[in-house]
>>> print(open('run_37.csv').read())   # CSV, C-alpha atoms
chain,number,residue,atom,x,y,z
A,1,MET,CA,0.0,0.0,0.0
A,2,LEU,CA,1.3,3.4,-0.9
A,3,SER,CA,0.4,6.6,1.1
A,4,ARG,CA,1.8,9.9,0.0
A,5,SER,CA,0.1,12.0,2.7
A,6,HIS,CA,-1.2,11.0,6.1
A,7,TYR,CA,-1.3,12.8,9.4
A,8,VAL,CA,-3.0,13.4,12.7
A,9,GLY,CA,-4.3,16.9,13.2
A,10,LEU,CA,-5.3,19.0,16.2
A,11,TRP,CA,-7.3,22.3,15.9
A,12,LEU,CA,-5.6,24.6,18.4
A,13,GLN,CA,-8.1,27.3,17.5
A,14,ASP,CA,-10.7,27.6,14.8
A,15,ASP,CA,-8.1,29.1,12.5
A,16,THR,CA,-5.0,27.2,13.6
A,17,LEU,CA,-4.3,23.5,12.8
A,18,LEU,CA,-1.4,21.5,14.1
A,19,ARG,CA,-0.5,18.4,12.1
A,20,PHE,CA,1.9,15.5,12.6
A,21,GLY,CA,2.6,13.0,9.8
A,22,ARG,CA,3.7,12.8,6.2
A,23,LEU,CA,2.8,16.1,4.5
A,24,ASN,CA,3.2,18.1,1.4
A,25,LEU,CA,5.9,20.7,1.9
A,26,PRO,CA,4.4,24.2,2.3
A,27,PHE,CA,6.3,26.0,-0.4
A,28,GLY,CA,5.2,27.9,-3.5
A,29,VAL,CA,2.0,27.6,-5.5
A,30,ARG,CA,0.4,24.2,-5.0
A,31,ILE,CA,-0.1,23.0,-8.6
A,32,PRO,CA,-0.8,19.6,-10.2
A,33,GLU,CA,2.0,20.0,-12.7
A,34,HIS,CA,4.6,18.3,-10.6
A,35,THR,CA,7.1,18.2,-13.4
A,36,LEU,CA,7.2,22.0,-13.7
A,37,TRP,CA,10.7,23.2,-12.9
A,38,VAL,CA,9.6,25.2,-9.9
A,39,ARG,CA,8.4,22.0,-8.3
A,40,GLU,CA,11.1,19.7,-9.4
A,41,SER,CA,14.1,21.9,-8.7
A,42,THR,CA,12.8,22.9,-5.2
A,43,ARG,CA,11.6,19.3,-4.6
A,44,THR,CA,8.3,20.5,-3.3
A,45,ASP,CA,5.7,18.8,-5.5
A,46,ARG,CA,2.7,17.0,-4.3
A,47,GLU,CA,3.5,13.9,-6.2
A,48,SER,CA,6.5,12.4,-4.5
A,49,ASP,CA,8.2,15.1,-2.4
A,50,GLN,CA,6.3,14.6,0.8
A,51,GLN,CA,8.2,14.5,4.1
A,52,HIS,CA,7.4,13.5,7.7
A,53,GLY,CA,7.2,16.3,10.2
A,54,ALA,CA,5.1,18.7,12.1
A,55,SER,CA,3.1,21.5,10.5
A,56,LEU,CA,1.3,24.5,11.9
A,57,THR,CA,-1.2,26.2,9.6
A,58,TYR,CA,-3.0,29.5,10.3
A,59,THR,CA,-5.8,30.8,8.1
A,60,GLY,CA,-7.3,33.9,9.4
A,61,GLY,CA,-8.6,37.1,7.9
A,62,ARG,CA,-6.4,37.9,4.9
A,63,TRP,CA,-3.5,35.8,6.0
A,64,ARG,CA,-2.5,32.2,5.4
A,65,VAL,CA,0.6,30.9,7.1
A,66,ASP,CA,1.9,27.3,6.8
A,67,ALA,CA,5.1,26.3,8.5
A,68,MET,CA,6.6,22.9,8.7
A,69,LEU,CA,9.4,21.3,10.7
A,70,ILE,CA,10.9,18.6,8.4
A,71,LEU,CA,12.0,15.5,10.2
A,72,GLY,CA,12.8,13.5,7.1
A,73,ASN,CA,11.2,11.1,4.7
A,74,PHE,CA,10.9,8.0,6.8
A,75,GLN,CA,10.0,6.0,3.7
A,76,LEU,CA,13.6,6.5,2.6
A,77,ASN,CA,16.4,4.4,4.0
A,78,PRO,CA,19.0,4.6,5.5
A,79,ASP,CA,18.8,7.7,7.7
A,80,ARG,CA,21.8,9.4,6.2
A,81,TYR,CA,19.7,10.2,3.1
A,82,ARG,CA,16.9,11.9,5.0
A,83,GLU,CA,16.6,15.7,5.0
A,84,ARG,CA,16.0,17.8,8.1
A,85,GLY,CA,15.0,21.4,8.1
A,86,TYR,CA,12.0,23.6,7.6
A,87,ALA,CA,9.6,24.9,4.9
A,88,THR,CA,7.1,27.7,5.1
A,89,THR,CA,4.8,29.8,3.1
A,90,VAL,CA,3.1,33.1,4.0
A,91,GLU,CA,0.3,34.4,1.8
A,92,TYR,CA,-1.7,37.7,2.0
A,93,LEU,CA,-5.0,38.5,0.2
A,94,LEU,CA,-4.7,42.0,-1.2
A,95,ASP,CA,-8.3,41.5,-2.3
A,96,PRO,CA,-10.6,38.4,-2.6
A,97,THR,CA,-9.1,37.6,-6.0
A,98,LEU,CA,-5.5,38.5,-5.6
A,99,ALA,CA,-3.0,36.8,-3.3
A,100,ILE,CA,0.7,37.4,-2.9
A,101,GLY,CA,3.1,35.5,-0.8
A,102,ALA,CA,6.6,34.3,0.0
A,103,SER,CA,8.1,30.9,0.7
A,104,SER,CA,11.3,29.6,2.3
A,105,LEU,CA,12.9,26.2,2.6
A,106,LEU,CA,16.1,25.0,4.2
A,107,THR,CA,17.2,21.4,4.6
A,108,HIS,CA,20.3,19.4,5.5
A,109,SER,CA,21.2,15.8,4.8
A,110,GLN,CA,24.3,13.7,5.5
A,111,VAL,CA,24.1,12.5,1.9
A,112,ASP,CA,21.7,14.0,-0.7
A,113,SER,CA,19.5,11.1,-1.9
A,114,LEU,CA,19.4,12.5,-5.4
A,115,THR,CA,22.8,14.1,-6.0
A,116,ARG,CA,24.9,12.0,-3.5
A,117,VAL,CA,26.5,15.3,-2.3
A,118,GLN,CA,27.9,14.8,1.2
A,119,ASN,CA,26.8,17.0,4.0
A,120,SER,CA,24.3,18.7,1.7
A,121,ILE,CA,22.5,21.9,2.5
A,122,ARG,CA,20.0,23.3,0.1
A,123,TYR,CA,17.7,26.2,0.3
A,124,SER,CA,15.1,28.0,-1.7
A,125,ASP,CA,13.4,31.4,-1.2
A,126,GLY,CA,10.8,32.8,-3.4
A,127,ALA,CA,7.6,34.8,-4.1
A,128,LEU,CA,4.3,33.7,-5.4
A,129,LEU,CA,1.2,35.2,-7.0
A,130,ARG,CA,-2.4,33.9,-7.4
A,131,TRP,CA,-4.8,36.2,-9.3
A,132,GLY,CA,-8.3,35.7,-10.5
A,133,ALA,CA,-8.0,38.5,-13.0
A,134,THR,CA,-11.5,38.0,-14.5
A,135,ARG,CA,-14.3,35.5,-14.1
A,136,LYS,CA,-12.7,33.4,-16.8
A,137,LEU,CA,-9.0,34.2,-16.5
A,138,SER,CA,-6.7,33.3,-13.7
A,139,LEU,CA,-3.0,33.7,-13.3
A,140,LEU,CA,-0.5,31.8,-11.2
A,141,GLY,CA,3.1,32.7,-10.8
A,142,GLU,CA,6.2,32.0,-8.8
A,143,VAL,CA,9.9,32.8,-8.8
A,144,ASP,CA,12.5,31.2,-6.5
A,145,VAL,CA,16.2,31.5,-5.7
A,146,LEU,CA,17.9,28.1,-5.6
A,147,LYS,CA,21.0,26.9,-3.8
A,148,GLU,CA,21.9,23.3,-3.4
A,149,GLY,CA,25.1,21.6,-2.3
A,150,GLY,CA,27.7,21.4,-5.0
A,151,ARG,CA,26.3,24.3,-7.1
A,152,HIS,CA,26.3,28.0,-7.2
A,153,ALA,CA,23.1,29.9,-6.7
A,154,GLY,CA,20.4,29.7,-9.4
A,155,PHE,CA,16.8,30.5,-9.9
A,156,THR,CA,13.5,29.1,-11.3
A,157,GLY,CA,10.1,30.5,-12.1
A,158,PHE,CA,6.8,30.0,-13.9
A,159,LEU,CA,3.8,32.0,-15.0
A,160,GLN,CA,0.5,30.3,-16.0
A,161,ALA,CA,-2.6,31.7,-17.5
A,162,ASP,CA,-5.8,29.7,-17.3
A,163,TYR,CA,-8.8,30.8,-19.5
A,164,GLU,CA,-12.1,29.0,-19.2
A,165,VAL,CA,-13.4,29.1,-22.7
A,166,TRP,CA,-16.8,27.8,-21.6
A,167,GLN,CA,-17.9,25.9,-18.5
A,168,GLY,CA,-15.6,23.0,-17.9
A,169,VAL,CA,-13.1,23.7,-20.7
A,170,HIS,CA,-9.8,25.5,-19.8
A,171,LEU,CA,-7.1,26.6,-22.1
A,172,MET,CA,-3.8,26.9,-20.3
A,173,LEU,CA,-0.5,28.5,-21.3
A,174,THR,CA,2.5,28.2,-19.1
A,175,GLY,CA,6.0,29.6,-19.3
A,176,GLU,CA,8.8,28.5,-17.2
A,177,ALA,CA,12.5,29.1,-16.6
A,178,LEU,CA,15.3,27.3,-14.8
A,179,ASP,CA,18.9,27.9,-14.0
A,180,GLN,CA,19.8,25.5,-11.2
A,181,GLY,CA,23.3,27.1,-10.8
A,182,LEU,CA,26.7,26.3,-12.1
A,183,LEU,CA,28.4,23.2,-10.7
A,184,GLU,CA,31.1,23.9,-8.2
A,185,GLN,CA,33.7,21.9,-10.2
A,186,ARG,CA,36.6,22.8,-12.3
A,187,ASP,CA,36.4,22.8,-16.1
A,188,VAL,CA,32.6,23.1,-16.1
A,189,LEU,CA,31.1,25.5,-18.6
A,190,PRO,CA,27.7,27.1,-18.2
A,191,GLN,CA,25.0,25.4,-20.2
A,192,ARG,CA,21.3,26.0,-20.5
A,193,GLY,CA,19.7,25.0,-17.2
A,194,ALA,CA,23.0,25.1,-15.2
A,195,GLY,CA,24.8,28.4,-15.3
A,196,ALA,CA,22.5,29.9,-17.9
A,197,PRO,CA,18.7,30.1,-18.1
A,198,ARG,CA,16.7,27.4,-19.9
A,199,TYR,CA,13.2,28.2,-21.0
A,200,GLY,CA,10.1,26.1,-21.6
A,201,ALA,CA,6.4,26.4,-22.4
A,202,TRP,CA,3.3,24.2,-21.9
A,203,VAL,CA,0.1,24.5,-23.9
A,204,GLY,CA,-2.8,22.6,-22.5
A,205,ILE,CA,-6.5,21.9,-22.6
A,206,ASP,CA,-8.1,20.8,-19.4
A,207,TRP,CA,-11.7,19.5,-19.7
A,208,PHE,CA,-14.2,18.5,-17.1
A,209,PRO,CA,-17.0,17.0,-19.1
A,210,VAL,CA,-19.0,15.7,-16.1
A,211,GLU,CA,-18.6,15.5,-12.4
A,212,HIS,CA,-15.7,13.4,-11.1
A,213,LEU,CA,-14.0,13.2,-14.5
A,214,GLU,CA,-11.2,15.3,-16.0
A,215,LEU,CA,-9.4,14.9,-19.3
A,216,ARG,CA,-6.2,16.9,-19.8
A,217,VAL,CA,-3.9,17.2,-22.8
A,218,ASP,CA,-0.6,19.1,-22.7
A,219,GLY,CA,2.2,19.9,-25.1
A,220,VAL,CA,5.5,20.5,-23.4
A,221,MET,CA,8.3,22.3,-25.2
A,222,HIS,CA,11.7,22.8,-23.5
A,223,GLN,CA,14.9,24.2,-25.0
A,224,ASP,CA,17.2,21.4,-26.1
A,225,ASP,CA,14.6,18.7,-25.8
A,226,VAL,CA,12.1,17.0,-28.0
A,227,PHE,CA,8.4,18.0,-28.0
A,228,GLN,CA,6.4,16.0,-25.5
A,229,GLY,CA,2.7,15.4,-25.6
A,230,GLN,CA,0.9,14.0,-22.7
A,231,ALA,CA,-2.7,13.1,-21.9
A,232,GLN,CA,-4.2,12.4,-18.5
A,233,LEU,CA,-7.6,11.0,-17.6
A,234,HIS,CA,-8.6,11.5,-13.9
A,235,LEU,CA,-11.5,9.9,-12.2
A,236,TYR,CA,-12.4,11.4,-8.8
A,237,LEU,CA,-14.3,9.6,-6.1
B,1,MET,CA,-27.1,18.0,-17.3
B,2,ARG,CA,-26.6,18.0,-21.1
B,3,PRO,CA,-26.0,14.6,-22.7
B,4,ILE,CA,-22.4,13.8,-23.7
B,5,PRO,CA,-22.0,12.8,-27.3
B,6,LEU,CA,-20.2,9.6,-28.4
B,7,SER,CA,-17.3,11.7,-29.6
B,8,VAL,CA,-16.5,12.5,-26.0
B,9,LEU,CA,-16.2,8.9,-25.1
B,10,LEU,CA,-14.0,8.2,-28.1
B,11,ALA,CA,-11.7,11.1,-27.1
B,12,LEU,CA,-11.5,9.8,-23.6
B,13,ALA,CA,-10.7,6.3,-24.7
B,14,SER,CA,-8.1,7.4,-27.2
B,15,ALA,CA,-6.4,9.6,-24.6
B,16,SER,CA,-6.1,6.7,-22.2
B,17,TRP,CA,-4.5,4.7,-25.1
B,18,LEU,CA,-1.5,7.2,-25.3
B,19,GLY,CA,1.9,6.0,-24.1
B,20,LEU,CA,3.3,7.0,-20.8
B,21,ALA,CA,5.3,10.2,-20.6
B,22,ARG,CA,8.7,9.6,-19.0
B,23,ALA,CA,12.3,10.8,-19.1
B,24,THR,CA,14.9,8.6,-20.7
B,25,PRO,CA,15.1,5.7,-18.2
B,26,GLU,CA,16.3,3.3,-21.0
B,27,TYR,CA,19.7,4.9,-21.3
B,28,PRO,CA,21.3,2.6,-18.6
B,29,SER,CA,19.8,-0.3,-20.6
B,30,VAL,CA,21.3,1.1,-23.8
B,31,ILE,CA,24.7,1.3,-22.2
B,32,ASP,CA,24.4,-2.3,-21.0
B,33,ALA,CA,23.3,-3.6,-24.4
B,34,THR,CA,26.0,-1.7,-26.3
B,35,LEU,CA,28.7,-3.0,-24.1
B,36,GLY,CA,27.3,-6.5,-23.7
B,37,VAL,CA,26.7,-6.4,-19.9
B,38,SER,CA,23.7,-6.5,-17.6
B,39,CYS,CA,24.1,-4.1,-14.6
B,40,GLY,CA,20.4,-3.8,-13.7
B,41,PRO,CA,18.1,-0.8,-13.7
B,42,PRO,CA,18.6,1.1,-10.4
B,43,ALA,CA,17.9,4.7,-10.7
B,44,ALA,CA,21.3,5.4,-9.2
B,45,ARG,CA,22.9,4.6,-12.5
B,46,CYS,CA,21.4,7.8,-13.9
B,47,LEU,CA,24.2,9.5,-11.9
B,48,ILE,CA,26.7,8.2,-14.4
B,49,CYS,CA,25.6,11.1,-16.6
B,50,HIS,CA,23.3,13.3,-14.5
B,51,THR,CA,24.0,15.2,-11.3
B,52,THR,CA,20.7,14.1,-9.9
B,53,ALA,CA,19.1,10.6,-9.9
B,54,ARG,CA,15.9,12.3,-11.3
B,55,GLY,CA,17.7,13.1,-14.5
B,56,GLY,CA,16.3,15.8,-16.6
B,57,GLU,CA,17.6,18.4,-19.0
B,58,GLY,CA,20.4,20.6,-17.7
B,59,THR,CA,21.6,18.0,-15.2
B,60,ALA,CA,23.7,15.9,-17.7
B,61,GLU,CA,26.9,17.4,-16.5
B,62,GLN,CA,29.0,14.5,-15.2
B,63,PRO,CA,32.5,14.1,-16.7
B,64,PHE,CA,31.5,11.0,-18.7
B,65,VAL,CA,28.6,12.7,-20.6
B,66,ARG,CA,30.6,15.9,-21.1
B,67,HIS,CA,33.1,13.8,-23.1
B,68,LEU,CA,30.3,12.0,-25.0
B,69,ARG,CA,29.1,15.4,-26.3
B,70,LEU,CA,32.2,15.4,-28.6
B,71,PHE,CA,30.4,12.6,-30.5
B,72,ASN,CA,27.2,14.7,-30.9
B,73,PHE,CA,25.4,13.0,-28.0
B,74,ASN,CA,23.7,16.0,-26.3
B,75,HIS,CA,20.0,15.3,-25.5
B,76,GLY,CA,17.6,12.7,-24.1
B,77,HIS,CA,15.2,10.4,-25.9
B,78,ASP,CA,17.7,9.3,-28.5
B,79,PRO,CA,19.1,5.8,-27.8
B,80,ALA,CA,20.7,5.6,-31.3
B,81,SER,CA,22.8,8.7,-30.5
B,82,LEU,CA,24.0,7.2,-27.2
B,83,ARG,CA,24.9,3.9,-28.9
B,84,ASN,CA,26.8,5.8,-31.6
B,85,ALA,CA,28.7,7.8,-29.0
B,86,LEU,CA,29.6,4.7,-27.0
B,87,ASN,CA,30.8,3.0,-30.1
B,88,ARG,CA,33.0,5.9,-31.0
B,89,LEU,CA,34.4,6.3,-27.4
B,90,ASP,CA,38.1,5.4,-27.2
B,91,GLU,CA,38.7,2.2,-25.2
B,92,LEU,CA,41.4,3.9,-23.1
B,93,TYR,CA,39.6,7.2,-22.3
B,94,ASP,CA,39.2,7.8,-18.6
B,95,SER,CA,36.8,10.6,-17.7
B,96,ASP,CA,37.3,10.6,-14.0
B,97,GLU,CA,41.1,10.0,-14.2
B,98,ASP,CA,41.0,7.2,-11.7
B,99,GLY,CA,43.2,4.9,-13.8
B,100,GLU,CA,40.3,2.7,-15.1
B,101,PRO,CA,39.1,3.5,-18.6
B,102,ASP,CA,35.4,4.4,-19.0
B,103,LYS,CA,34.4,1.4,-21.0
B,104,GLN,CA,36.1,-0.9,-18.6
B,105,GLU,CA,34.3,0.7,-15.6
B,106,LEU,CA,30.9,0.5,-17.4
B,107,ARG,CA,31.5,-3.2,-18.2
B,108,GLY,CA,32.2,-3.7,-14.6
B,109,CYS,CA,29.0,-1.9,-13.7
B,110,GLY,CA,31.0,1.0,-12.2
B,111,ASN,CA,30.8,4.7,-12.6
B,112,PRO,CA,33.1,6.4,-15.1
B,113,SER,CA,32.2,9.8,-13.8
B,114,GLY,CA,33.6,9.3,-10.2
B,115,ASP,CA,33.1,7.2,-7.1
B,116,ASP,CA,31.1,4.0,-7.4
B,117,LEU,CA,27.4,4.6,-6.8
B,118,GLY,CA,26.5,1.6,-4.8
B,119,SER,CA,22.9,0.7,-4.5
B,120,GLY,CA,21.7,4.1,-3.2
B,121,PRO,CA,18.7,4.8,-1.0
B,122,THR,CA,16.0,2.2,-0.6
B,123,TYR,CA,12.3,2.9,-0.1
B,124,GLY,CA,9.6,1.4,2.1
B,125,CYS,CA,9.7,-1.5,4.5
B,126,ASP,CA,11.0,-4.0,2.0
B,127,GLY,CA,14.0,-2.1,0.8
B,128,ALA,CA,12.6,-1.4,-2.7
B,129,GLN,CA,14.6,0.6,-5.0
B,130,LEU,CA,13.4,3.1,-7.6
B,131,ALA,CA,13.9,1.6,-11.0
B,132,PRO,CA,12.9,3.0,-14.4
B,133,PRO,CA,9.9,1.2,-15.8
B,134,ALA,CA,10.7,-1.4,-18.5
B,135,ALA,CA,10.1,0.2,-21.9
B,136,SER,CA,7.2,-1.6,-23.6
B,137,ALA,CA,6.8,-1.5,-27.3
B,138,ALA,CA,4.3,1.3,-27.3
B,139,GLY,CA,3.4,1.9,-23.6
B,140,GLN,CA,-0.3,1.4,-24.2
B,141,ASN,CA,-2.5,-0.6,-21.9
B,142,PRO,CA,-5.7,-1.8,-23.6
B,143,ALA,CA,-7.1,-3.0,-20.3
B,144,LEU,CA,-6.6,0.5,-18.8
B,145,ALA,CA,-8.3,2.1,-21.8
B,146,ALA,CA,-11.2,-0.3,-21.5
B,147,LEU,CA,-11.6,0.4,-17.8
B,148,ALA,CA,-11.4,4.2,-18.4
B,149,LEU,CA,-14.0,4.0,-21.1
B,150,ALA,CA,-16.3,1.9,-18.9
B,151,LEU,CA,-16.0,4.3,-16.0
B,152,ALA,CA,-16.5,7.3,-18.2
B,153,ALA,CA,-19.6,5.7,-19.7
B,154,LEU,CA,-21.0,5.0,-16.3
B,155,LEU,CA,-20.4,8.7,-15.3
B,156,VAL,CA,-22.1,9.9,-18.4
B,157,LYS,CA,-25.1,7.6,-17.8
B,158,ARG,CA,-25.4,8.9,-14.3
B,159,GLY,CA,-25.2,12.5,-15.6
B,160,ARG,CA,-28.0,11.8,-18.1
B,161,GLY,CA,-30.2,10.3,-15.4
B,162,ARG,CA,-30.3,13.5,-13.3
>>> encode(input="run_37.csv", output="structure tokens")
Amino acid sequence: MLSRSHYVGLWLQDDTLLRFGRLNLPFGVRIPEHTLWVRESTRTDRESDQQHGASLTYTGGRWRVDAMLILGNFQLNPDRYRERGYATTVEYLLDPTLAIGASSLLTHSQVDSLTRVQNSIRYSDGALLRWGATRKLSLLGEVDVLKEGGRHAGFTGFLQADYEVWQGVHLMLTGEALDQGLLEQRDVLPQRGAGAPRYGAWVGIDWFPVEHLELRVDGVMHQDDVFQGQAQLHLYL
Amino acid sequence: MRPIPLSVLLALASASWLGLARATPEYPSVIDATLGVSCGPPAARCLICHTTARGGEGTAEQPFVRHLRLFNFNHGHDPASLRNALNRLDELYDSDEDGEPDKQELRGCGNPSGDDLGSGPTYGCDGAQLAPPAASAAGQNPALAALALALAALLVKRGRGR
């Protein structure tokens, strides 16, 4: 059995929730496109980047604050690969359809499970935007500074426009950028995505024909990569 | 609720017939096949070329793949290009300068870009390891398409009944 997210929660007040368990990291805009560079490079997607820890969430008035103490992914063995640290997002509603926010993440592991860098520290700090510009058009955006062990600082970001052509049919256009930072090694030249920016775009149609059913088709175009088309069929209980 | 036409069901069925989207997990298998070895599929082997086991564009920066670029191997999803580059690789070239040539290290299931990778982290209670899925001929799953079509038809029928 696989469980990505599970927790025990305690309402400290009507607007304050304390949770212990395996949780999505509170960082950036929570989007389903887990392969967007902002989610992959910060390791904060909702697909496979959950960690165990304690989270305190406050949602009151115009504020939303979510802070998590990361104790490690205990589905990952041995312990030297587990990250410890924190992740947090603070968001403020300028008006009912416009939210701005900031996120921060800092982790340490004895050995980075993905890069194998020893005594690895990585951090990300960024800003986010969620805007219901009109009844049919919404915008999501995020930009983050990146720094991980073995690399100089970099950045990543995205901007997504979602236009509901008619009820249940969304046209989506997304632009993204990534420079994860130049490797801290000799004789390494900058290349797109590492020491120089790489750009990409998604074009998608998201269709909800009936309740509990979603069909989504995307075309993904990244510099120096082949065009990728993908289709997803989601059935919701 | 408006009735959904048959074209919708056909679109849903065809969409579920499309192949899986993935990175280039077959590259370790291409290396094995080209050099006549079988080193297994652990995701850790992606670190031979990539700086992260997740792979991806912009992370192919290890010493071994930097040398392969000299043979016009410079992007993913192109097994033929990797095979060509490996065939043109000099038998004595040593990317990490550890005294063992790259091809010899690869035939020994080692890492020509640096320290041996070992098995890497394991997942879950039974020590499972992430492995790239085996590449099927087309990636389609007719049973999945049939199930999706049946469930979609059920949902449409429920929608019409309201």
>>> interface_residues(input="run_37.csv", of="chain A", to="chain B", cutoff="6 Å", atoms="only C-alpha atoms", output="list in words")
Gln75, Leu76, Asn77, Leu114, Thr115, Gly193, Ala194 and Ala231 of chain A
>>> residues_around(input="run_37.csv", residues="stretch 155-168 of chain A", least_positions_apart="2", cutoff="6 Å", atoms="only C-alpha atoms", output="list of chain:residue names")
A:Val38, A:Lys136, A:Leu137, A:Ser138, A:Leu139, A:Leu140, A:Gly141, A:Glu142, A:Val143, A:Asp144, A:Val145, A:Leu146, A:His170, A:Leu171, A:Met172, A:Leu173, A:Thr174, A:Gly175, A:Glu176, A:Ala177, A:Leu178, A:Asp179, A:Gln180, A:Trp207, A:Phe208
>>> residues_near_point(input="run_37.csv", point="(-18.5, 13.4, -7.9)", cutoff="9 Å", atoms="all atoms listed in the file", output="JSON, numbers by chain")
{"A": [210, 211, 212, 213, 235, 236, 237], "B": [155]}
>>> closest_residue(input="run_37.csv", among="B:Asp90, B:Glu97, B:Asp115, B:Asp102", to="B:Leu70", atoms="only C-alpha atoms")
B:Asp90
>>> residues_near_point(input="run_37.csv", point="(35.5, 9.3, -17.3)", cutoff="12 Å", atoms="only C-alpha atoms", output="PyMOL selection string")
chain B and resi 48-49+61-68+89-106+110-115
>>> decode(input="run_37.csv", residues="stretch 88-106 of chain A", atoms="N, CA and C atoms", output="mmCIF file, in the first residue's frame")
data_model
loop_
_atom_site.group_PDB
_atom_site.id
_atom_site.type_symbol
_atom_site.label_atom_id
_atom_site.label_comp_id
_atom_site.auth_asym_id
_atom_site.auth_seq_id
_atom_site.Cartn_x
_atom_site.Cartn_y
_atom_site.Cartn_z
ATOM 1 N N THR A 88 8.235 26.842 4.710
ATOM 2 C CA THR A 88 7.141 27.708 5.126
ATOM 3 C C THR A 88 6.658 28.579 3.977
ATOM 4 N N THR A 89 5.373 28.896 4.017
ATOM 5 C CA THR A 89 4.759 29.811 3.055
ATOM 6 C C THR A 89 3.881 30.798 3.815
ATOM 7 N N VAL A 90 3.972 32.047 3.458
ATOM 8 C CA VAL A 90 3.109 33.085 4.010
ATOM 9 C C VAL A 90 2.407 33.753 2.840
ATOM 10 N N GLU A 91 1.084 33.860 2.938
ATOM 11 C CA GLU A 91 0.318 34.442 1.830
ATOM 12 C C GLU A 91 -0.646 35.488 2.367
ATOM 13 N N TYR A 92 -0.850 36.553 1.611
ATOM 14 C CA TYR A 92 -1.734 37.651 2.017
ATOM 15 C C TYR A 92 -2.689 37.986 0.874
ATOM 16 N N LEU A 93 -3.966 38.118 1.212
ATOM 17 C CA LEU A 93 -4.966 38.474 0.214
ATOM 18 C C LEU A 93 -5.054 39.985 0.097
ATOM 19 N N LEU A 94 -4.590 40.529 -1.002
ATOM 20 C CA LEU A 94 -4.732 41.963 -1.226
ATOM 21 C C LEU A 94 -6.191 42.309 -1.463
ATOM 22 N N ASP A 95 -6.869 41.443 -2.192
ATOM 23 C CA ASP A 95 -8.323 41.507 -2.282
ATOM 24 C C ASP A 95 -8.804 40.074 -2.515
ATOM 25 N N PRO A 96 -10.116 39.824 -2.546
ATOM 26 C CA PRO A 96 -10.585 38.434 -2.607
ATOM 27 C C PRO A 96 -10.071 37.627 -3.800
ATOM 28 N N THR A 97 -9.586 38.310 -4.841
ATOM 29 C CA THR A 97 -9.132 37.558 -6.011
ATOM 30 C C THR A 97 -7.638 37.708 -6.266
ATOM 31 N N LEU A 98 -6.911 38.289 -5.350
ATOM 32 C CA LEU A 98 -5.476 38.499 -5.565
ATOM 33 C C LEU A 98 -4.703 38.195 -4.299
ATOM 34 N N ALA A 99 -3.803 37.205 -4.389
ATOM 35 C CA ALA A 99 -2.978 36.811 -3.254
ATOM 36 C C ALA A 99 -1.509 36.878 -3.640
ATOM 37 N N ILE A 100 -0.706 37.417 -2.752
ATOM 38 C CA ILE A 100 0.746 37.406 -2.930
ATOM 39 C C ILE A 100 1.353 36.737 -1.719
ATOM 40 N N GLY A 101 2.525 36.179 -1.913
ATOM 41 C CA GLY A 101 3.130 35.469 -0.805
ATOM 42 C C GLY A 101 4.609 35.251 -0.986
ATOM 43 N N ALA A 102 5.183 34.627 0.027
ATOM 44 C CA ALA A 102 6.609 34.303 0.023
ATOM 45 C C ALA A 102 6.802 32.930 0.640
ATOM 46 N N SER A 103 7.840 32.230 0.172
ATOM 47 C CA SER A 103 8.133 30.892 0.670
ATOM 48 C C SER A 103 9.614 30.779 0.990
ATOM 49 N N SER A 104 9.904 29.875 1.914
ATOM 50 C CA SER A 104 11.295 29.636 2.282
ATOM 51 C C SER A 104 11.468 28.183 2.656
ATOM 52 N N LEU A 105 12.607 27.627 2.285
ATOM 53 C CA LEU A 105 12.905 26.227 2.588
ATOM 54 C C LEU A 105 14.394 26.090 2.851
ATOM 55 N N LEU A 106 14.725 25.307 3.864
ATOM 56 C CA LEU A 106 16.133 25.024 4.169
ATOM 57 C C LEU A 106 16.216 23.600 4.691
#
